[in-house]
>>> print(open('protein.tsv').read())   # TSV, C-alpha atoms
chain	number	residue	atom	x	y	z
A	120	MET	CA	0.38	-65.26	42.33
A	121	ILE	CA	-0.08	-63.03	39.28
A	122	ALA	CA	-1.31	-59.53	40.16
A	123	GLN	CA	-4.58	-58.49	38.53
A	124	ARG	CA	-3.99	-55.61	36.13
A	125	ASP	CA	-6.10	-53.81	33.59
A	126	ASP	CA	-4.56	-52.73	30.26
A	127	ASP	CA	-3.39	-49.35	31.55
A	128	ASP	CA	-1.77	-51.00	34.56
A	129	TRP	CA	0.11	-53.46	32.35
A	130	THR	CA	1.55	-50.80	30.08
A	131	SER	CA	2.40	-48.37	32.86
A	132	ASP	CA	3.93	-51.04	35.11
A	133	LEU	CA	5.98	-52.56	32.27
A	134	THR	CA	7.42	-49.13	31.43
A	135	SER	CA	7.66	-47.81	34.99
A	136	GLU	CA	10.81	-46.04	36.12
A	137	ASP	CA	10.37	-47.85	39.41
A	138	ALA	CA	12.62	-50.87	38.85
A	139	ALA	CA	10.81	-53.01	41.43
A	140	LEU	CA	7.39	-52.30	39.93
A	141	ARG	CA	8.69	-52.93	36.42
A	142	GLY	CA	10.45	-56.11	37.52
A	143	ASN	CA	7.28	-57.46	39.12
A	144	ALA	CA	5.27	-56.72	35.97
A	145	VAL	CA	7.83	-58.42	33.72
A	146	GLY	CA	7.85	-61.41	36.06
A	147	ASP	CA	4.05	-61.60	36.01
A	148	LEU	CA	4.01	-61.35	32.21
A	149	ARG	CA	6.50	-64.21	31.90
A	150	ASP	CA	4.61	-66.27	34.48
A	151	MET	CA	1.28	-65.72	32.72
A	152	LEU	CA	2.71	-66.73	29.32
A	153	LEU	CA	4.62	-69.68	30.74
A	154	ARG	CA	1.62	-71.16	32.49
A	155	GLY	CA	-0.76	-70.43	29.64
A	156	LEU	CA	1.50	-71.83	26.92
A	157	ALA	CA	2.53	-74.83	29.03
A	158	LYS	CA	-1.09	-75.91	29.18
A	159	SER	CA	-2.13	-75.10	25.61
A	160	LEU	CA	1.02	-76.46	23.94
A	161	SER	CA	1.03	-79.62	26.04
A	162	LYS	CA	-2.25	-80.59	24.36
A	163	GLN	CA	-0.27	-80.74	21.12
A	164	GLY	CA	2.57	-82.69	22.73
A	165	ARG	CA	5.09	-80.57	20.91
A	166	VAL	CA	7.26	-78.95	23.56
A	167	ASP	CA	9.49	-79.65	26.53
A	168	ASP	CA	10.30	-77.35	29.46
A	169	ALA	CA	13.50	-75.96	27.93
A	170	PHE	CA	11.73	-75.11	24.70
A	171	LEU	CA	8.92	-73.46	26.63
A	172	GLU	CA	11.35	-71.36	28.69
A	173	ASP	CA	13.16	-70.22	25.54
A	174	THR	CA	9.88	-69.35	23.84
A	175	VAL	CA	8.60	-67.31	26.75
A	176	GLN	CA	11.95	-65.52	27.09
A	177	GLU	CA	11.92	-64.60	23.39
A	178	ALA	CA	8.23	-63.65	23.44
A	179	SER	CA	8.64	-61.46	26.53
A	180	MET	CA	11.46	-59.55	24.87
A	181	LYS	CA	9.36	-58.99	21.75
A	182	ILE	CA	6.38	-57.82	23.80
A	183	LEU	CA	8.54	-55.32	25.69
A	184	GLU	CA	10.08	-54.09	22.44
A	185	LYS	CA	6.66	-53.64	20.84
A	186	LEU	CA	4.94	-52.13	23.86
A	187	GLY	CA	4.87	-48.72	22.20
A	188	ASP	CA	2.85	-50.24	19.34
A	189	PHE	CA	0.07	-51.47	21.63
A	190	GLU	CA	-2.95	-49.45	20.55
A	191	GLY	CA	-5.64	-51.03	22.69
A	192	ARG	CA	-7.33	-52.60	19.64
A	193	SER	CA	-7.53	-55.70	21.78
A	194	LYS	CA	-7.04	-56.34	25.47
A	195	PHE	CA	-3.40	-56.37	26.56
A	196	ARG	CA	-3.59	-60.07	27.41
A	197	THR	CA	-4.92	-60.93	23.95
A	198	TRP	CA	-2.26	-58.80	22.29
A	199	ALA	CA	0.56	-60.32	24.36
A	200	VAL	CA	-0.62	-63.91	23.87
A	201	THR	CA	-0.90	-63.37	20.12
A	202	ILE	CA	2.75	-62.26	20.01
A	203	ALA	CA	3.77	-65.20	22.22
A	204	VAL	CA	1.96	-67.74	20.02
A	205	ARG	CA	3.47	-66.25	16.88
A	206	THR	CA	6.89	-66.58	18.53
A	207	ALA	CA	6.16	-70.17	19.57
A	208	PHE	CA	5.11	-71.12	16.03
A	209	SER	CA	8.20	-69.49	14.58
A	210	MET	CA	10.47	-71.40	16.99
A	211	MET	CA	8.67	-74.73	16.42
A	212	ARG	CA	8.95	-74.20	12.69
A	213	LYS	CA	12.71	-73.61	12.92
A	214	ARG	CA	13.11	-76.66	15.15
A	215	ASP	CA	11.02	-78.93	12.90
A	216	TRP	CA	12.10	-77.78	9.43
A	217	GLN	CA	15.62	-76.36	9.61
A	218	ASN	CA	17.20	-79.68	8.67
A	219	VAL	CA	14.68	-80.61	5.98
A	220	SER	CA	15.74	-79.69	2.47
A	221	LEU	CA	13.27	-78.41	-0.07
A	222	ASP	CA	14.56	-80.99	-2.55
A	223	SER	CA	13.81	-83.86	-0.22
A	224	ILE	CA	10.10	-83.10	-0.24
A	225	THR	CA	9.57	-81.63	-3.70
A	226	SER	CA	11.88	-83.58	-6.01
A	227	SER	CA	10.05	-85.41	-8.82
A	228	ALA	CA	6.71	-84.16	-7.53
A	229	GLU	CA	4.07	-84.59	-10.17
A	230	LEU	CA	0.33	-84.79	-10.48
A	231	ASP	CA	-0.78	-88.22	-11.67
A	232	PRO	CA	-4.53	-88.14	-12.34
A	233	GLN	CA	-4.75	-91.93	-12.00
A	234	VAL	CA	-3.48	-91.77	-8.40
A	235	ALA	CA	-6.00	-89.16	-7.44
A	236	VAL	CA	-9.27	-90.83	-8.39
A	237	ASP	CA	-11.41	-93.08	-6.29
A	238	ARG	CA	-12.19	-96.19	-8.34
A	239	SER	CA	-15.17	-96.96	-6.13
A	240	GLU	CA	-16.96	-93.91	-7.49
A	241	PRO	CA	-19.45	-94.30	-10.36
A	242	PHE	CA	-17.80	-94.55	-13.79
A	243	ALA	CA	-19.08	-91.14	-15.00
A	244	GLN	CA	-17.86	-89.39	-11.86
A	245	THR	CA	-14.45	-91.03	-12.12
A	246	ASN	CA	-14.14	-90.03	-15.76
A	247	SER	CA	-15.16	-86.46	-15.03
A	248	ARG	CA	-12.58	-86.23	-12.26
A	249	LEU	CA	-9.91	-87.77	-14.49
A	250	GLU	CA	-10.71	-85.22	-17.16
A	251	MET	CA	-10.42	-82.33	-14.71
A	252	LEU	CA	-7.17	-83.63	-13.24
A	253	GLY	CA	-5.75	-84.17	-16.72
A	254	LYS	CA	-6.48	-80.53	-17.50
A	255	LEU	CA	-4.98	-79.48	-14.18
A	256	LYS	CA	-1.79	-81.41	-14.94
A	257	ASP	CA	-1.60	-79.72	-18.32
A	258	LEU	CA	-2.08	-76.27	-16.74
A	259	ILE	CA	0.60	-76.95	-14.16
A	260	SER	CA	3.16	-77.78	-16.85
A	261	ARG	CA	2.17	-74.88	-19.12
A	262	GLU	CA	1.30	-72.07	-16.72
A	263	LEU	CA	3.40	-72.49	-13.57
A	264	THR	CA	7.05	-71.63	-13.20
A	265	GLU	CA	9.37	-74.19	-11.63
A	266	ARG	CA	9.59	-71.97	-8.54
A	267	GLN	CA	5.79	-71.85	-8.26
A	268	TRP	CA	5.43	-75.62	-8.56
A	269	THR	CA	8.18	-76.16	-5.97
A	270	ALA	CA	6.37	-73.86	-3.54
A	271	VAL	CA	2.98	-75.48	-4.30
A	272	THR	CA	4.25	-79.01	-3.66
A	273	ALA	CA	6.20	-78.01	-0.55
A	274	GLU	CA	3.08	-76.45	0.92
A	275	LEU	CA	0.93	-79.46	-0.02
A	276	ARG	CA	3.44	-81.70	1.73
A	277	GLY	CA	3.17	-79.70	4.94
A	278	MET	CA	6.07	-77.28	4.89
A	279	PRO	CA	5.00	-73.96	6.44
A	280	LEU	CA	5.24	-70.90	4.20
A	281	PRO	CA	7.93	-69.14	6.27
A	282	ALA	CA	10.10	-72.27	6.00
A	283	ILE	CA	9.57	-72.38	2.22
A	284	ALA	CA	10.41	-68.68	2.05
A	285	GLU	CA	13.61	-69.16	3.99
A	286	LYS	CA	14.73	-72.02	1.75
A	287	LEU	CA	13.95	-69.99	-1.38
A	288	SER	CA	15.77	-66.97	0.09
A	289	THR	CA	12.76	-64.69	0.15
A	290	ASN	CA	10.05	-63.64	2.61
A	291	THR	CA	6.66	-65.10	3.52
A	292	ASN	CA	4.69	-62.32	1.81
A	293	SER	CA	6.46	-63.03	-1.49
A	294	ILE	CA	5.86	-66.77	-1.19
A	295	TYR	CA	2.19	-66.19	-0.42
A	296	LYS	CA	1.88	-63.98	-3.50
A	297	LEU	CA	3.74	-66.56	-5.62
A	298	LEU	CA	1.30	-69.27	-4.49
A	299	HIS	CA	-1.71	-67.00	-4.89
A	300	ASP	CA	-0.68	-66.19	-8.43
A	301	ALA	CA	-0.24	-69.92	-9.15
A	302	ARG	CA	-3.70	-70.75	-7.78
A	303	LYS	CA	-5.29	-67.94	-9.79
A	304	LYS	CA	-3.69	-69.24	-12.99
A	305	LEU	CA	-4.90	-72.78	-12.30
A	306	ARG	CA	-8.39	-71.62	-11.38
A	307	SER	CA	-8.85	-69.41	-14.43
A	308	GLY	CA	-7.40	-72.17	-16.64
A	309	LEU	CA	-9.85	-74.73	-15.30
A	310	GLU	CA	-12.74	-72.28	-15.67
A	311	ALA	CA	-11.68	-71.49	-19.24
A	312	ALA	CA	-11.72	-75.24	-19.92
A	313	GLY	CA	-15.32	-75.37	-18.73
A	314	PHE	CA	-14.89	-76.65	-15.18
A	315	THR	CA	-16.99	-74.68	-12.73
A	316	ILE	CA	-16.40	-73.87	-9.08
A	317	ASP	CA	-19.20	-76.27	-8.20
A	318	GLU	CA	-17.41	-79.07	-10.02
A	319	LEU	CA	-14.19	-78.20	-8.24
A	320	ARG	CA	-16.03	-78.32	-4.93
A	321	GLU	CA	-17.55	-81.69	-5.76
A	322	ALA	CA	-14.15	-83.00	-6.76
A	323	TRP	CA	-12.76	-82.71	-3.27
A	324	ALA	CA	-15.98	-83.05	-1.26
B	235	MET	CA	6.95	-89.10	-6.47
B	236	ALA	CA	3.35	-88.38	-7.43
B	237	LEU	CA	1.17	-86.27	-5.18
B	238	SER	CA	-1.08	-88.42	-3.02
B	239	SER	CA	-4.82	-88.40	-3.43
B	240	GLN	CA	-5.15	-86.29	-0.27
B	241	GLN	CA	-2.59	-83.76	-1.54
B	242	VAL	CA	-4.45	-83.42	-4.85
B	243	ASP	CA	-7.69	-82.90	-2.93
B	244	ARG	CA	-6.03	-80.16	-0.90
B	245	LEU	CA	-4.78	-78.52	-4.10
B	246	LEU	CA	-8.29	-78.57	-5.60
B	247	LYS	CA	-9.74	-77.14	-2.41
B	248	LYS	CA	-7.17	-74.35	-2.42
B	249	ILE	CA	-7.91	-73.57	-6.06
B	250	GLN	CA	-11.62	-73.53	-5.34
B	251	GLN	CA	-11.14	-71.15	-2.39
B	252	THR	CA	-8.89	-68.78	-4.34
B	253	ARG	CA	-10.07	-65.17	-4.41
B	254	GLU	CA	-8.90	-62.39	-6.69
B	255	VAL	CA	-7.52	-60.45	-3.73
B	256	GLU	CA	-6.27	-62.23	-0.62
B	257	MET	CA	-4.59	-61.23	2.60
B	258	THR	CA	-1.13	-62.80	3.10
B	259	CYS	CA	-0.15	-64.75	6.23
B	260	PRO	CA	1.88	-61.92	7.81
B	261	GLU	CA	-0.95	-59.46	7.09
B	262	CYS	CA	-3.42	-61.85	8.72
B	263	LEU	CA	-1.23	-62.39	11.79
B	264	ASP	CA	-0.79	-58.63	12.20
B	265	GLU	CA	-4.57	-58.34	12.67
B	266	LEU	CA	-5.04	-61.53	14.66
B	267	ASP	CA	-5.24	-59.92	18.12
B	268	LYS	CA	-8.02	-57.61	16.99
B	269	TYR	CA	-9.89	-60.46	15.27
B	270	THR	CA	-9.50	-62.70	18.35
B	271	GLN	CA	-10.82	-59.96	20.62
B	272	ARG	CA	-13.90	-59.48	18.43
B	273	ILE	CA	-14.58	-63.22	18.52
B	274	LEU	CA	-14.14	-63.37	22.30
B	275	ASP	CA	-16.39	-60.36	22.81
B	276	GLY	CA	-19.04	-61.63	20.39
B	277	MET	CA	-18.64	-58.52	18.28
B	278	PRO	CA	-19.31	-58.40	14.52
B	279	ILE	CA	-16.48	-59.10	12.08
B	280	ASP	CA	-16.27	-56.25	9.60
B	281	GLY	CA	-13.83	-54.16	7.58
B	282	VAL	CA	-10.36	-55.64	7.23
B	283	LEU	CA	-11.30	-58.42	9.65
B	284	VAL	CA	-13.50	-60.01	6.99
B	285	SER	CA	-10.29	-60.67	5.05
B	286	VAL	CA	-8.77	-62.21	8.19
B	287	ARG	CA	-11.72	-64.59	8.45
B	288	GLU	CA	-11.42	-65.51	4.77
B	289	HIS	CA	-7.70	-66.10	5.15
B	290	LEU	CA	-8.23	-68.32	8.20
B	291	GLU	CA	-10.77	-70.40	6.27
B	292	ALA	CA	-8.11	-71.22	3.70
B	293	CYS	CA	-4.84	-71.28	5.67
B	294	PRO	CA	-4.26	-74.20	8.11
B	295	CYS	CA	-1.07	-72.64	9.49
B	296	CYS	CA	-2.70	-69.35	10.52
B	297	THR	CA	-5.76	-71.22	11.77
B	298	GLY	CA	-3.43	-73.28	13.96
B	299	GLN	CA	-2.05	-70.07	15.45
B	300	PHE	CA	-5.51	-68.62	15.97
B	301	ASN	CA	-6.66	-71.78	17.77
B	302	LEU	CA	-3.55	-71.78	19.94
B	303	VAL	CA	-4.19	-68.14	20.89
B	304	LEU	CA	-7.72	-69.07	21.97
B	305	ASP	CA	-6.47	-72.14	23.86
B	306	THR	CA	-3.74	-70.17	25.63
B	307	LEU	CA	-6.13	-67.39	26.66
B	308	GLN	CA	-8.52	-70.02	27.95
B	309	SER	CA	-5.67	-71.66	29.91
B	310	ILE	CA	-4.72	-68.31	31.46
B	311	GLU	CA	-8.33	-67.65	32.36
B	312	GLU	CA	-8.41	-70.94	34.25
B	313	LEU	CA	-5.24	-70.21	36.27
>>> encode(input="protein.tsv", output="structure tokens")
Amino acid sequence: MIAQRDDDDWTSDLTSEDAALRGNAVGDLRDMLLRGLAKSLSKQGRVDDAFLEDTVQEASMKILEKLGDFEGRSKFRTWAVTIAVRTAFSMMRKRDWQNVSLDSITSSAELDPQVAVDRSEPFAQTNSRLEMLGKLKDLISRELTERQWTAVTAELRGMPLPAIAEKLSTNTNSIYKLLHDARKKLRSGLEAAGFTIDELREAWA
Amino acid sequence: MALSSQQVDRLLKKIQQTREVEMTCPECLDELDKYTQRILDGMPIDGVLVSVREHLEACPCCTGQFNLVLDTLQSIEEL
């Protein structure tokens, strides 16, 4: 049975000098996260009991370490669950991607406009899309660095940004900025070539 | 190997959604508890949280985390 606590109770109990009170609060926190994550993650079919235990252990430690940062911008439960989910994603990412090389999913990646058109579309629409994709291919080869194209293709093929960052020996913020810069170059290049946002939207609608 | 049709579509969608200034994933996740609380409480999304919403619209990974936060809170509520 998890004791009912409001936000002040959680923070005071988790930092109490009374070891028994603190121990009970830590136990309740772990129990709440374990039961909550067991149910939500099981819907995704992505975890077993050992993984769940490890995740909750790691998340509980982070929550206790960060307790001084809790500002009450959200309820304690929301704050704690957000940290636990971030921890779970980080651990799933390591489990799923640590043995996948960047080369294996990005080598020889190229944009072939012929692959990316639907031949069942009307002739004019197909030609317009081919023209746009031809321009996009040209922009990719002229405007993007090799590192940018590697990151773009890795992301398109499902590799999470933190995993890309790790493999390129940098951090997620830098990879996001690298990708953002690449997208801005491609967007402005397409616009300069006369393709509008509406046409872009239609192209993938 | 050439990008698949679906991957090219995703690239075009990302280009179309590109804004001049965007919040990064870590910046979004740092604000996610506050954003989630506003959603749960039916409060307006304003200030920096507008950038969180825009980021979530374009980032499947962060959206996955946001949805899992909501699911987990719902699961705890049902305990």
>>> axis_aligned_box(input="protein.tsv", around="stretch 262-272 of chain B", padding_each_side="6 Å", output="AutoDock Vina command-line options")
--center_x -7.3 --center_y -60.2 --center_z 14.7 --size_x 25.1 --size_y 17.1 --size_z 23.9
>>> closest_residue(input="protein.tsv", among="A:Asn143, A:Ser159, A:Gln233, A:Ser247", to="chain B", atoms="only C-alpha atoms")
A:Ser159
>>> closest_residue(input="protein.tsv", among="A:Arg261, A:Arg124, A:Arg276, A:Arg214", to="chain B", atoms="all atoms listed in the file")
A:Arg276
>>> interface_residues(input="protein.tsv", of="chain A", to="chain B", cutoff="8 Å", atoms="all atoms listed in the file", output="number ranges by chain")
A: 151-152, 154-156, 158-160, 192-194, 196-198, 200-201, 204-205, 208, 226-231, 234-236, 275-276, 279, 291-292, 295-296, 299, 302-303, 305-306, 316, 319-320, 322-323
>>> residues_around(input="protein.tsv", residues="B:Val286", least_positions_apart="3", cutoff="6 Å", atoms="only C-alpha atoms", output="PyMOL selection string")
chain B and resi 262+283+289
>>> atom_distance(input="protein.tsv", atom1="atom CA of A:Ala178", atom2="atom CA of A:Thr130")
15.9 Å
>>> atom_distance(input="protein.tsv", atom1="atom CA of A:Ala270", atom2="atom CA of A:Gly313")
26.5 Å
>>> closest_residue(input="protein.tsv", among="A:Ser131, A:Asn246, A:Gln123, A:Gln217", to="A:Leu186", atoms="all atoms listed in the file")
A:Ser131
>>> closest_residue(input="protein.tsv", among="A:Leu133, A:Leu148, A:Met251, A:Ala138", to="A:Thr315", atoms="all atoms listed in the file")
A:Met251
>>> atom_distance(input="protein.tsv", atom1="atom CA of A:Glu177", atom2="atom CA of A:Ile283")
22.7 Å
>>> closest_residue(input="protein.tsv", among="A:Asn218, A:Ser223, A:Ser307, A:Thr289", to="A:Thr272", atoms="all atoms listed in the file")
A:Ser223
>>> closest_residue(input="protein.tsv", among="A:Gly277, A:Gly187, A:Gly164, A:Pro232", to="A:Leu255", atoms="only C-alpha atoms")
A:Pro232
>>> build_atoms(input="protein.tsv", residues="stretch 279-290 of chain B", atoms="N, CA and C atoms", output="compact mmCIF listing (two decimals), keeping the file's coordinate frame")
# COMPACT_ATOMS: atom_id res chain seq x y z
N ILE B 279 -17.73 -59.14 12.86
CA ILE B 279 -16.48 -59.10 12.08
C ILE B 279 -16.75 -58.25 10.85
N ASP B 280 -16.05 -57.12 10.76
CA ASP B 280 -16.27 -56.25 9.60
C ASP B 280 -14.95 -55.63 9.16
N GLY B 281 -15.03 -54.83 8.10
CA GLY B 281 -13.83 -54.16 7.58
C GLY B 281 -12.74 -55.15 7.21
N VAL B 282 -11.51 -54.82 7.61
CA VAL B 282 -10.36 -55.64 7.23
C VAL B 282 -10.44 -57.03 7.87
N LEU B 283 -11.21 -57.13 8.96
CA LEU B 283 -11.30 -58.42 9.65
C LEU B 283 -12.06 -59.47 8.85
N VAL B 284 -12.85 -59.05 7.89
CA VAL B 284 -13.50 -60.01 6.99
C VAL B 284 -12.42 -60.76 6.20
N SER B 285 -11.39 -60.02 5.78
CA SER B 285 -10.29 -60.67 5.05
C SER B 285 -9.52 -61.63 5.95
N VAL B 286 -9.43 -61.29 7.24
CA VAL B 286 -8.77 -62.21 8.19
C VAL B 286 -9.56 -63.51 8.25
N ARG B 287 -10.88 -63.38 8.38
CA ARG B 287 -11.72 -64.59 8.45
C ARG B 287 -11.57 -65.44 7.18
N GLU B 288 -11.57 -64.78 6.03
CA GLU B 288 -11.42 -65.51 4.77
C GLU B 288 -10.06 -66.21 4.69
N HIS B 289 -9.03 -65.50 5.17
CA HIS B 289 -7.70 -66.10 5.15
C HIS B 289 -7.65 -67.32 6.07
N LEU B 290 -8.24 -67.20 7.25
CA LEU B 290 -8.23 -68.32 8.20
C LEU B 290 -8.97 -69.54 7.64
